[in-house]
Structures are given as C-alpha cells and as structure tokens.
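To start, the structure itself, in structure tokens.
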Amino acid sequence: MELREKYPVSKTYEILDGFDIHRTSAQIFAIVKIFDKIKNRTDIRFYRWFNKHGEWKIPQWGISIIDHPEIFTPDVINRISKLKEKPNAETGGSYNGK
C-alpha cells in the first residue's frame, strides 16, 4: 500500500513516512511525517481519520507533535524520535523541527 493510500492527508502535503497507533476499518490514529509544499517545511503530525461511507475523513486538522508533545505516551514518543532521525526525502537532511 502506498503512503498516500495509507495516510489520506491533504494533497498540499508530501507524505514522507508514518506509523499507525491504531487502525480498524472504522478509524485510523497515526503519526505522519509530511512536507508542507506551501510552507516549504517538514513536520510530524498526529492524525485521526474516520471512515464515512467508504471515504476516510479527518474531523480536525493534524496536530503538530512539536506543539503538543505532552499528549503522547513514551512508546509513541520513542517511535516519533525514530521518524525525526530518518532523512527527509525532499532534502536528504535530518528533520529539524522547522
């Protein structure tokens, strides 16, 4: 499954990587590393989608983990750290939080 199918974020974002926290046929909770083409920056975001009549919908925009690190468990924080260490596809550099 391609990342765009796995994580149906806005077309504004290039999906660089991600992992599921929870996935069922009705909902997905995931951490997704994106490149925002408009703001020209990389971010790691928490998303929640729900399945409405066969289409994945986002009830709210993704929450930046940089702004709200306190809402995640140590296990999720550890997995996020591994995403930060991976090179960005668009630059080949490391995630720097900008």
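A note on labels: chains of the structure tokens are A, B, ... as shown, every chain counts residues from 1, and ligands are counted from 1 in their shown order.
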Output as a Markdown table one row per residue of region 27-57 of chain A within 9 Å of region 3-11 of chain A: the closest atom pair and its distance in Å to one decimal place, counting only C-alpha atoms, sorted by chain and residue number ascending.
| residue | atom | partner | partner_atom | distance |
| --- | --- | --- | --- | --- |
| A:Ile28 | CA | A:Tyr7 | CA | 8.7 |
| A:Ala30 | CA | A:Tyr7 | CA | 8.1 |
| A:Val32 | CA | A:Tyr7 | CA | 7.6 |
| A:Ile34 | CA | A:Val9 | CA | 9.0 |
| A:Tyr47 | CA | A:Val9 | CA | 8.7 |
| A:Trp49 | CA | A:Pro8 | CA | 8.4 |
| A:Trp56 | CA | A:Pro8 | CA | 7.0 |
| A:Lys57 | CA | A:Pro8 | CA | 8.3 |
What's the 12 Å shell around Gly54 (chain A), counting only C-alpha atoms, without same-chain residues fewer than 6 positions away, as number ranges by chain? A: 25-27
Would you write out those residues with C-alpha atoms, as a PDB file, in the first residue's frame?
ATOM      1  CA  SER A  25     -11.989  -0.492   9.343  1.00  0.00           C
ATOM      2  CA  ALA A  26     -13.742   2.454  11.061  1.00  0.00           C
ATOM      3  CA  GLN A  27     -10.863   4.679  12.189  1.00  0.00           C
TER       4      GLN A  27
END
Hey, what's within 6 Å of Tyr13 (chain A) if we count only C-alpha atoms and toss same-chain stuff fewer than 4 positions away? As number ranges by chain, please? A: 34-37
Region 20-65 of chain A: residues DSSP assigns to strand (DSSP E), reported as a VMD selection string: chain A and resid 20 to 23 27 to 36 41 to 52 55 to 57 63 to 64
Could you save those same residues with N, CA, C and O atoms as a tab-separated table (two decimals), in the first residue's frame?
chain	number	residue	atom	x	y	z
A	20	ASP	N	1.12	3.71	12.25
A	20	ASP	CA	-0.19	3.63	12.88
A	20	ASP	C	-0.04	3.50	14.39
A	20	ASP	O	0.80	2.74	14.87
A	21	ILE	N	-0.89	4.20	15.11
A	21	ILE	CA	-1.05	3.98	16.54
A	21	ILE	C	-2.18	2.99	16.74
A	21	ILE	O	-2.11	2.08	17.55
A	22	HIS	N	-3.22	3.14	15.91
A	22	HIS	CA	-4.40	2.27	15.97
A	22	HIS	C	-5.08	2.32	14.61
A	22	HIS	O	-5.24	3.40	14.04
A	23	ARG	N	-5.48	1.17	14.08
A	23	ARG	CA	-6.16	1.13	12.79
A	23	ARG	C	-7.23	0.04	12.82
A	23	ARG	O	-6.95	-1.09	13.18
A	27	GLN	N	-11.66	3.50	11.84
A	27	GLN	CA	-10.86	4.68	12.19
A	27	GLN	C	-9.37	4.38	12.13
A	27	GLN	O	-8.96	3.23	12.22
A	28	ILE	N	-8.60	5.45	11.99
A	28	ILE	CA	-7.14	5.36	11.98
A	28	ILE	C	-6.61	6.48	12.87
A	28	ILE	O	-7.03	7.63	12.76
A	29	PHE	N	-5.68	6.11	13.76
A	29	PHE	CA	-4.89	7.08	14.51
A	29	PHE	C	-3.46	6.84	14.07
A	29	PHE	O	-2.97	5.71	14.11
A	30	ALA	N	-2.76	7.89	13.62
A	30	ALA	CA	-1.41	7.71	13.09
A	30	ALA	C	-0.55	8.95	13.31
A	30	ALA	O	-1.06	10.06	13.45
A	31	ILE	N	0.74	8.70	13.30
A	31	ILE	CA	1.74	9.77	13.28
A	31	ILE	C	2.29	9.78	11.86
A	31	ILE	O	2.72	8.74	11.34
A	32	VAL	N	2.28	10.95	11.22
A	32	VAL	CA	2.68	11.05	9.82
A	32	VAL	C	3.70	12.18	9.66
A	32	VAL	O	3.48	13.30	10.12
A	33	LYS	N	4.81	11.85	9.02
A	33	LYS	CA	5.83	12.85	8.69
A	33	LYS	C	5.51	13.39	7.31
A	33	LYS	O	5.39	12.63	6.35
A	34	ILE	N	5.31	14.70	7.22
A	34	ILE	CA	4.88	15.33	5.96
A	34	ILE	C	5.83	16.46	5.58
A	34	ILE	O	6.53	17.00	6.43
A	35	PHE	N	5.81	16.80	4.30
A	35	PHE	CA	6.46	18.01	3.82
A	35	PHE	C	5.36	18.91	3.31
A	35	PHE	O	4.62	18.53	2.40
A	36	ASP	N	5.23	20.09	3.91
A	36	ASP	CA	4.21	21.06	3.52
A	36	ASP	C	4.75	21.86	2.34
A	36	ASP	O	5.70	22.64	2.49
A	41	ARG	N	8.19	23.33	4.52
A	41	ARG	CA	8.79	22.80	5.74
A	41	ARG	C	8.29	21.39	6.03
A	41	ARG	O	7.22	20.99	5.58
A	42	THR	N	9.08	20.67	6.79
A	42	THR	CA	8.73	19.32	7.21
A	42	THR	C	8.12	19.38	8.60
A	42	THR	O	8.52	20.19	9.43
A	43	ASP	N	7.14	18.52	8.86
A	43	ASP	CA	6.51	18.45	10.17
A	43	ASP	C	6.14	17.00	10.44
A	43	ASP	O	6.03	16.20	9.51
A	44	ILE	N	5.96	16.68	11.70
A	44	ILE	CA	5.44	15.37	12.10
A	44	ILE	C	4.13	15.66	12.81
A	44	ILE	O	4.09	16.45	13.76
A	45	ARG	N	3.05	15.01	12.33
A	45	ARG	CA	1.71	15.33	12.84
A	45	ARG	C	0.97	14.09	13.30
A	45	ARG	O	1.17	13.00	12.78
A	46	PHE	N	0.09	14.32	14.26
A	46	PHE	CA	-0.83	13.29	14.73
A	46	PHE	C	-2.14	13.49	13.97
A	46	PHE	O	-2.65	14.60	13.88
A	47	TYR	N	-2.66	12.40	13.38
A	47	TYR	CA	-3.92	12.46	12.65
A	47	TYR	C	-4.90	11.43	13.18
A	47	TYR	O	-4.50	10.36	13.65
A	48	ARG	N	-6.18	11.75	13.04
A	48	ARG	CA	-7.26	10.79	13.28
A	48	ARG	C	-8.21	10.89	12.10
A	48	ARG	O	-8.69	11.97	11.75
A	49	TRP	N	-8.46	9.75	11.46
A	49	TRP	CA	-9.43	9.67	10.37
A	49	TRP	C	-10.56	8.74	10.79
A	49	TRP	O	-10.35	7.83	11.59
A	50	PHE	N	-11.72	8.98	10.24
A	50	PHE	CA	-12.81	8.03	10.41
A	50	PHE	C	-13.38	7.70	9.03
A	50	PHE	O	-13.32	8.51	8.11
A	51	ASN	N	-13.90	6.50	8.91
A	51	ASN	CA	-14.43	6.01	7.65
A	51	ASN	C	-15.92	6.36	7.56
A	51	ASN	O	-16.73	5.87	8.34
A	52	LYS	N	-16.24	7.23	6.62
A	52	LYS	CA	-17.64	7.65	6.43
A	52	LYS	C	-18.07	7.22	5.04
A	52	LYS	O	-17.61	7.79	4.04
A	55	GLU	N	-15.19	6.47	2.65
A	55	GLU	CA	-14.18	7.51	2.44
A	55	GLU	C	-13.58	7.90	3.78
A	55	GLU	O	-14.30	8.09	4.76
A	56	TRP	N	-12.26	8.04	3.81
A	56	TRP	CA	-11.58	8.48	5.03
A	56	TRP	C	-11.69	9.99	5.17
A	56	TRP	O	-11.34	10.72	4.28
A	57	LYS	N	-12.20	10.42	6.32
A	57	LYS	CA	-12.39	11.83	6.62
A	57	LYS	C	-11.58	12.21	7.85
A	57	LYS	O	-11.40	11.40	8.76
A	63	ILE	N	-2.50	17.44	14.25
A	63	ILE	CA	-1.94	18.18	15.37
A	63	ILE	C	-0.42	18.03	15.30
A	63	ILE	O	0.09	16.92	15.30
A	64	SER	N	0.30	19.12	15.27
A	64	SER	CA	1.76	19.06	15.24
A	64	SER	C	2.29	18.54	16.56
A	64	SER	O	1.92	19.04	17.63
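Atom pair CA of Thr24 (chain A) / CA of Lys84 (chain A): separated by 26.0 Å.
The space separating CA of Phe19 (chain A) from CA of Pro59 (chain A) comes to 19.1 Å.
Here CA of Glu85 (chain A) and CA of Gly18 (chain A) stand 12.7 Å from one another.
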